[in-house]
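Source file: final_7.pdb. Holds: PDB, C-alpha atoms and all ligand atoms.
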```pdb
ATOM      1  CA  MET A1142     -10.545 -30.516 -31.850
ATOM      2  CA  MET A1143      -8.369 -27.434 -31.790
ATOM      3  CA  SER A1144      -9.554 -23.853 -31.548
ATOM      4  CA  GLN A1145      -8.795 -21.739 -34.615
ATOM      5  CA  LYS A1146      -6.561 -19.565 -32.445
ATOM      6  CA  LEU A1147      -4.444 -22.580 -31.514
ATOM      7  CA  VAL A1148      -4.376 -23.836 -35.121
ATOM      8  CA  ASP A1149      -3.146 -20.389 -36.243
ATOM      9  CA  ALA A1150      -0.437 -20.416 -33.581
ATOM     10  CA  PHE A1151       0.725 -23.880 -34.690
ATOM     11  CA  ASN A1152       0.720 -22.779 -38.334
ATOM     12  CA  ASP A1153       2.899 -19.821 -37.384
ATOM     13  CA  GLN A1154       5.344 -22.129 -35.642
ATOM     14  CA  ILE A1155       5.390 -24.601 -38.555
ATOM     15  CA  ALA A1156       6.494 -21.694 -40.766
ATOM     16  CA  PHE A1157       9.047 -20.650 -38.169
ATOM     17  CA  GLU A1158      10.539 -24.157 -37.988
ATOM     18  CA  ILE A1159      10.955 -24.153 -41.769
ATOM     19  CA  HIS A1160      12.437 -20.670 -41.513
ATOM     20  CA  SER A1161      14.855 -22.079 -38.909
ATOM     21  CA  ALA A1162      15.779 -24.850 -41.350
ATOM     22  CA  LEU A1163      16.616 -22.237 -43.999
ATOM     23  CA  ILE A1164      18.727 -20.227 -41.552
ATOM     24  CA  TYR A1165      20.795 -23.348 -40.801
ATOM     25  CA  LYS A1166      21.025 -24.282 -44.483
ATOM     26  CA  ALA A1167      22.416 -20.788 -45.175
ATOM     27  CA  MET A1168      24.915 -21.322 -42.334
ATOM     28  CA  GLN A1169      25.912 -24.612 -43.972
ATOM     29  CA  ALA A1170      26.561 -22.736 -47.220
ATOM     30  CA  TYR A1171      28.737 -20.212 -45.369
ATOM     31  CA  PHE A1172      30.835 -22.985 -43.784
ATOM     32  CA  ALA A1173      31.127 -24.868 -47.070
ATOM     33  CA  ALA A1174      32.423 -21.697 -48.727
ATOM     34  CA  GLU A1175      34.849 -21.045 -45.851
ATOM     35  CA  ASP A1176      36.221 -24.623 -45.987
ATOM     36  CA  PHE A1177      34.890 -25.880 -42.680
ATOM     37  CA  PRO A1178      33.289 -29.152 -43.865
ATOM     38  CA  GLY A1179      32.639 -30.399 -40.330
ATOM     39  CA  MET A1180      30.729 -27.271 -39.319
ATOM     40  CA  ALA A1181      28.885 -27.440 -42.656
ATOM     41  CA  ASN A1182      27.898 -31.026 -41.793
ATOM     42  CA  TRP A1183      26.676 -29.952 -38.341
ATOM     43  CA  MET A1184      24.471 -27.293 -39.938
ATOM     44  CA  ASP A1185      23.118 -29.758 -42.488
ATOM     45  CA  VAL A1186      22.072 -32.072 -39.640
ATOM     46  CA  GLN A1187      20.499 -29.088 -37.867
ATOM     47  CA  TYR A1188      18.641 -28.179 -41.064
ATOM     48  CA  GLN A1189      17.193 -31.694 -41.243
ATOM     49  CA  GLU A1190      16.229 -31.558 -37.568
ATOM     50  CA  GLU A1191      14.291 -28.343 -38.093
ATOM     51  CA  LEU A1192      12.409 -29.854 -41.032
ATOM     52  CA  GLY A1193      11.552 -32.738 -38.704
ATOM     53  CA  HIS A1194      10.179 -30.265 -36.150
ATOM     54  CA  ALA A1195       7.961 -28.686 -38.813
ATOM     55  CA  GLU A1196       6.827 -32.151 -39.894
ATOM     56  CA  LYS A1197       5.990 -33.189 -36.329
ATOM     57  CA  MET A1198       3.786 -30.103 -35.821
ATOM     58  CA  PHE A1199       2.263 -30.451 -39.291
ATOM     59  CA  ASN A1200       1.194 -34.028 -38.552
ATOM     60  CA  PHE A1201      -0.122 -33.095 -35.132
ATOM     61  CA  VAL A1202      -2.375 -30.358 -36.543
ATOM     62  CA  CYS A1203      -3.645 -32.681 -39.285
ATOM     63  CA  ASP A1204      -4.327 -35.491 -36.810
ATOM     64  CA  ALA A1205      -6.166 -33.055 -34.530
ATOM     65  CA  ALA A1206      -8.405 -32.122 -37.467
ATOM     66  CA  GLY A1207      -6.950 -28.634 -37.775
ATOM     67  CA  ARG A1208      -6.296 -27.104 -41.188
ATOM     68  CA  VAL A1209      -2.591 -26.556 -41.852
ATOM     69  CA  LYS A1210      -1.825 -23.446 -43.827
ATOM     70  CA  MET A1211       1.663 -22.879 -45.219
ATOM     71  CA  LEU A1212       2.893 -19.340 -44.704
ATOM     72  CA  PRO A1213       5.605 -17.327 -46.474
ATOM     73  CA  MET A1214       8.969 -16.867 -44.819
ATOM     74  CA  GLU A1215      11.497 -14.088 -44.916
ATOM     75  CA  GLU A1216      14.913 -14.544 -46.502
ATOM     76  CA  PRO A1217      17.391 -16.110 -44.085
ATOM     77  CA  ARG A1218      20.616 -14.333 -43.256
ATOM     78  CA  ASN A1219      23.349 -15.504 -45.622
ATOM     79  CA  GLU A1220      26.476 -13.558 -44.597
ATOM     80  CA  TYR A1221      28.643 -14.084 -41.525
ATOM     81  CA  SER A1222      32.108 -12.989 -40.502
ATOM     82  CA  SER A1223      33.344 -15.891 -38.349
ATOM     83  CA  PRO A1224      32.363 -19.353 -37.045
ATOM     84  CA  LEU A1225      31.832 -17.809 -33.603
ATOM     85  CA  GLU A1226      29.387 -15.270 -35.019
ATOM     86  CA  VAL A1227      27.464 -18.075 -36.741
ATOM     87  CA  PHE A1228      27.038 -20.125 -33.574
ATOM     88  CA  GLN A1229      26.189 -17.061 -31.504
ATOM     89  CA  THR A1230      23.480 -16.272 -34.039
ATOM     90  CA  ALA A1231      22.276 -19.883 -33.813
ATOM     91  CA  LEU A1232      22.036 -19.653 -30.010
ATOM     92  CA  THR A1233      20.134 -16.344 -30.131
ATOM     93  CA  HIS A1234      17.800 -17.923 -32.671
ATOM     94  CA  GLU A1235      17.204 -20.979 -30.490
ATOM     95  CA  GLN A1236      16.447 -18.717 -27.511
ATOM     96  CA  LEU A1237      13.797 -17.050 -29.647
ATOM     97  CA  VAL A1238      12.375 -20.460 -30.613
ATOM     98  CA  THR A1239      12.273 -21.432 -26.933
ATOM     99  CA  SER A1240      10.203 -18.367 -26.065
ATOM    100  CA  ARG A1241       7.866 -19.036 -29.002
ATOM    101  CA  ILE A1242       7.338 -22.665 -27.947
ATOM    102  CA  SER A1243       6.728 -21.484 -24.401
ATOM    103  CA  ASN A1244       4.024 -19.052 -25.619
ATOM    104  CA  LEU A1245       2.452 -21.829 -27.657
ATOM    105  CA  MET A1246       2.441 -24.062 -24.572
ATOM    106  CA  GLU A1247       0.758 -21.343 -22.505
ATOM    107  CA  LEU A1248      -1.974 -21.007 -25.117
ATOM    108  CA  ALA A1249      -2.515 -24.783 -25.230
ATOM    109  CA  GLN A1250      -2.743 -24.837 -21.430
ATOM    110  CA  GLN A1251      -5.197 -21.915 -21.338
ATOM    111  CA  GLU A1252      -7.404 -23.776 -23.790
ATOM    112  CA  LYS A1253      -6.999 -27.006 -21.805
ATOM    113  CA  ASN A1254      -5.969 -28.757 -24.999
ATOM    114  CA  HIS A1255      -4.163 -31.680 -23.374
ATOM    115  CA  ALA A1256      -3.142 -33.293 -26.659
ATOM    116  CA  ALA A1257      -1.432 -30.074 -27.753
ATOM    117  CA  VAL A1258       0.232 -29.773 -24.342
ATOM    118  CA  ILE A1259       1.653 -33.301 -24.677
ATOM    119  CA  CYS A1260       2.852 -32.591 -28.229
ATOM    120  CA  LEU A1261       4.530 -29.372 -27.064
ATOM    121  CA  GLN A1262       6.213 -31.058 -24.099
ATOM    122  CA  TRP A1263       8.518 -32.771 -26.582
ATOM    123  CA  PHE A1264       9.465 -29.391 -28.041
ATOM    124  CA  ILE A1265      10.089 -27.859 -24.606
ATOM    125  CA  THR A1266      12.616 -30.618 -23.843
ATOM    126  CA  GLU A1267      14.108 -30.375 -27.325
ATOM    127  CA  GLN A1268      14.780 -26.654 -26.854
ATOM    128  CA  VAL A1269      16.838 -27.304 -23.716
ATOM    129  CA  GLU A1270      19.071 -29.538 -25.834
ATOM    130  CA  GLU A1271      19.176 -27.077 -28.750
ATOM    131  CA  GLU A1272      20.405 -24.242 -26.537
ATOM    132  CA  ALA A1273      22.892 -26.498 -24.737
ATOM    133  CA  ASN A1274      24.363 -27.726 -28.056
ATOM    134  CA  ALA A1275      24.939 -24.213 -29.401
ATOM    135  CA  SER A1276      26.278 -22.965 -26.041
ATOM    136  CA  LEU A1277      28.872 -25.734 -25.830
ATOM    137  CA  ILE A1278      30.189 -25.035 -29.322
ATOM    138  CA  ILE A1279      30.385 -21.301 -28.542
ATOM    139  CA  LYS A1280      32.404 -22.128 -25.420
ATOM    140  CA  LYS A1281      34.863 -24.196 -27.429
ATOM    141  CA  LEU A1282      35.160 -21.558 -30.164
ATOM    142  CA  LYS A1283      35.905 -18.930 -27.518
ATOM    143  CA  MET A1284      38.543 -21.207 -25.995
ATOM    144  CA  VAL A1285      40.498 -21.441 -29.246
ATOM    145  CA  GLU A1286      40.054 -17.707 -29.981
ATOM    146  CA  GLY A1287      40.226 -18.131 -33.755
ATOM    147  CA  ASP A1288      43.441 -20.197 -33.600
ATOM    148  CA  GLY A1289      43.695 -22.231 -36.823
ATOM    149  CA  ARG A1290      44.617 -25.551 -35.237
ATOM    150  CA  GLY A1291      41.904 -25.250 -32.623
ATOM    151  CA  LEU A1292      39.312 -24.413 -35.261
ATOM    152  CA  LEU A1293      40.411 -27.438 -37.277
ATOM    153  CA  MET A1294      39.915 -29.693 -34.263
ATOM    154  CA  ILE A1295      36.423 -28.305 -33.616
ATOM    155  CA  ASP A1296      35.629 -28.740 -37.309
ATOM    156  CA  GLN A1297      36.684 -32.385 -37.157
ATOM    157  CA  GLU A1298      34.554 -32.927 -34.078
ATOM    158  CA  LEU A1299      31.460 -31.396 -35.687
ATOM    159  CA  ALA A1300      32.002 -33.609 -38.739
ATOM    160  CA  GLN A1301      30.947 -36.547 -36.538
ATOM    161  CA  ARG A1302      27.378 -35.348 -36.059
ATOM    162  CA  VAL A1303      24.872 -37.701 -37.670
ATOM    163  CA  PHE A1304      21.203 -36.978 -38.355
ATOM    164  CA  VAL A1305      18.875 -39.169 -36.324
ATOM    165  CA  PRO A1306      15.259 -38.844 -37.510
ATOM    166  CA  ILE A1307      12.687 -38.107 -34.821
ATOM    167  CA  ALA A1308       9.224 -39.606 -34.551
ATOM    168  CA  THR A1309       7.017 -37.238 -36.535
ATOM    169  CA  ALA A1310       3.763 -39.174 -36.455
TER     170      ALA A1310
HETATM  171 FE    FE B   1      13.067 -26.426 -34.145
HETATM  172 FE    FE B   2      16.062 -25.579 -33.334
END
```
Would you encode the structure as structure tokens?
Amino acid sequence: MMSQKLVDAFNDQIAFEIHSALIYKAMQAYFAAEDFPGMANWMDVQYQEELGHAEKMFNFVCDAAGRVKMLPMEEPRNEYSSPLEVFQTALTHEQLVTSRISNLMELAQQEKNHAAVICLQWFITEQVEEEANASLIIKKLKMVEGDGRGLLMIDQELAQRVFVPIATA
């Protein structure tokens, strides 16, 4: 059983994961419009990953006999001025997610809800990867400093990213 406080916190994070998905889908639209198909692909994979995160938490709450409640989300940002700005925004967003997951973990620990702690451990590890992914791309984008050929190479590299579904049950 989960306390209502913990259920509410999970519901908040489920909404935030879906909000994250929308942010990345909007970034995909920006890259598609700017003719960076590889970066658009990377964002589409990220979008699917975020939906998977929401799904994983959704199923956990249901399995733990909590009542999932879907919450409204604000409009995601749709306008950007450069690929670097997009990935910097993505990193800042992931840092925010990391702090939210960490707060959720602290609550689960306070309540000695071991099942929730184990569920959240996966997310803690995932966030390390999320921040590392965005940081590496930012590094590369800074290296090429907006040079067309360099951007094209990064775009081709990001075209290789493939969505691998996570275990959500
Ligand atoms: Fe996520
Ligand atoms: Fe994420």
Take the PyMOL selection byres (((not hetatm)) within 7 of (chain B and resi 2)), run it mentally on this structure, and tell me the resulting residues as a PyMOL selection string. chain A and resi 1161+1191+1235+1238+1268+1271
Any idea what the distance is between atom CA of A:Gln1154 and atom CA of A:Met1246?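 These two atoms are separated by 11.6 Å.
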Shell around A:Pro1178 at 8 Å using all atoms listed in the file, local window under 4 positions removed, as a VMD selection string: chain A and resid 1172 to 1173 1182 1296 1300
With the file shown as input, list the residues that the PyMOL selection byres (((chain A and resi 1193) around 12) and not hetatm) selects, as a list in words.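 Here the PyMOL selection byres (((chain A and resi 1193) around 12) and not hetatm) matches Ile1155, Glu1158, Ile1159, Ser1161, Ala1162, Val1186, Gln1187, Tyr1188, Gln1189, Glu1190, Glu1191, Leu1192, His1194, Ala1195, Glu1196, Lys1197, Met1198, Phe1199, Asn1200, Phe1264, Glu1267, Phe1304, Val1305, Pro1306, Ile1307, Ala1308, Thr1309 and Ala1310 of chain A.
Atom CA of A:Leu1293 to atom CA of A:Glu1226 spans 16.6 Å [interatomic distance, one decimal].
If you look at atom CA of A:Asp1204 and atom CA of A:His1255, they are 14.0 Å away from each other.
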Output the residue selection produced by the PyMOL selection byres (((chain A and resi 1216-1218) around 7) and not hetatm) on the file above, formatted as a list in words.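 Applying the PyMOL selection byres (((chain A and resi 1216-1218) around 7) and not hetatm) to the structure shown produces Leu1163, Ile1164, Ala1167, Met1214, Glu1215, Asn1219 and Glu1220 of chain A.
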Between A:Asp1288, A:Glu1298, A:Glu1252, A:Glu1272, which has the minimum distance to ligand FE 1 (chain B) (counting only C-alpha atoms and all ligand atoms)?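 Of the candidates, the smallest distance to ligand FE 1 (chain B) is held by A:Glu1272.
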Within 10 Å of stretch 1148-1152 of chain A, which residues of stretch 1219-1303 of chain A show up? Give each one with its shortest atom-to-atom distance in Å (one decimal) and the two atoms involved, counting all atoms listed in the file, rows by chain then rising residue number, as JSON lines.
```
{"residue": "A:Arg1241", "atom": "CA", "partner": "A:Ala1150", "partner_atom": "CA", "distance": 9.6}
{"residue": "A:Ile1242", "atom": "CA", "partner": "A:Phe1151", "partner_atom": "CA", "distance": 9.5}
{"residue": "A:Asn1244", "atom": "CA", "partner": "A:Ala1150", "partner_atom": "CA", "distance": 9.2}
{"residue": "A:Leu1245", "atom": "CA", "partner": "A:Ala1150", "partner_atom": "CA", "distance": 6.7}
{"residue": "A:Leu1248", "atom": "CA", "partner": "A:Ala1150", "partner_atom": "CA", "distance": 8.6}
{"residue": "A:Ala1249", "atom": "CA", "partner": "A:Ala1150", "partner_atom": "CA", "distance": 9.7}
{"residue": "A:Ala1257", "atom": "CA", "partner": "A:Phe1151", "partner_atom": "CA", "distance": 9.5}
```
Looking at A:Ile1259, A:Val1303, A:Ile1278, A:Leu1237, which one is nearest to ligand FE 1 (chain B), with distances taken over all atoms listed in the file?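 So, comparing all the options, the nearest one is A:Leu1237.
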Between A:Gln1297, A:Gln1251, A:Ser1243, A:Gln1169, which has the minimum distance to A:Tyr1221 (counting all atoms listed in the file)?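 Among the listed residues, the smallest separation from A:Tyr1221 belongs to A:Gln1169.
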Using all atoms listed in the file, which of A:Met1142, A:Leu1232, A:Leu1225, A:Met1168 sits nearest ligand FE 1 (chain B)? A:Leu1232
Kindly indicate which residue among A:His1234, A:Lys1210, A:Arg1302, A:Lys1146 lies nearest to ligand FE 1 (chain B), using all atoms listed in the file for the distances.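 Result for the nearest residue to ligand FE 1 (chain B): A:His1234.
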Which one of A:Ala1170, A:Val1227, A:Val1269, A:Ile1279 sits closest to ligand FE 1 (chain B) if you count only C-alpha atoms and all ligand atoms?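 Under the stated criterion, the closest residue is A:Val1269.
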Show which residues sit within 8 Å of A:Leu1282, as a PDB file with C-alpha atoms, keeping the file's coordinate frame. Count all atoms listed in the file, and ignore same-chain residues fewer than 4 positions away.
```
ATOM      1  CA  PRO A1224      32.363 -19.353 -37.045  1.00  0.00           C
ATOM      2  CA  LEU A1225      31.832 -17.809 -33.603  1.00  0.00           C
ATOM      3  CA  ILE A1278      30.189 -25.035 -29.322  1.00  0.00           C
ATOM      4  CA  GLU A1286      40.054 -17.707 -29.981  1.00  0.00           C
ATOM      5  CA  GLY A1287      40.226 -18.131 -33.755  1.00  0.00           C
ATOM      6  CA  LEU A1292      39.312 -24.413 -35.261  1.00  0.00           C
ATOM      7  CA  ILE A1295      36.423 -28.305 -33.616  1.00  0.00           C
TER       8      ILE A1295
END
```
Non-local contacts of A:Ala1205 (7 Å; all atoms listed in the file; under 3 positions in same chain excluded) as a PDB file with C-alpha atoms, keeping the file's coordinate frame:
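And here's part.pdb as it stands now:
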```pdb
ATOM      1  CA  MET A1142     -10.545 -30.516 -31.850  1.00  0.00           C
ATOM      2  CA  MET A1143      -8.369 -27.434 -31.790  1.00  0.00           C
ATOM      3  CA  PHE A1201      -0.122 -33.095 -35.132  1.00  0.00           C
ATOM      4  CA  VAL A1202      -2.375 -30.358 -36.543  1.00  0.00           C
TER       5      VAL A1202
END
```
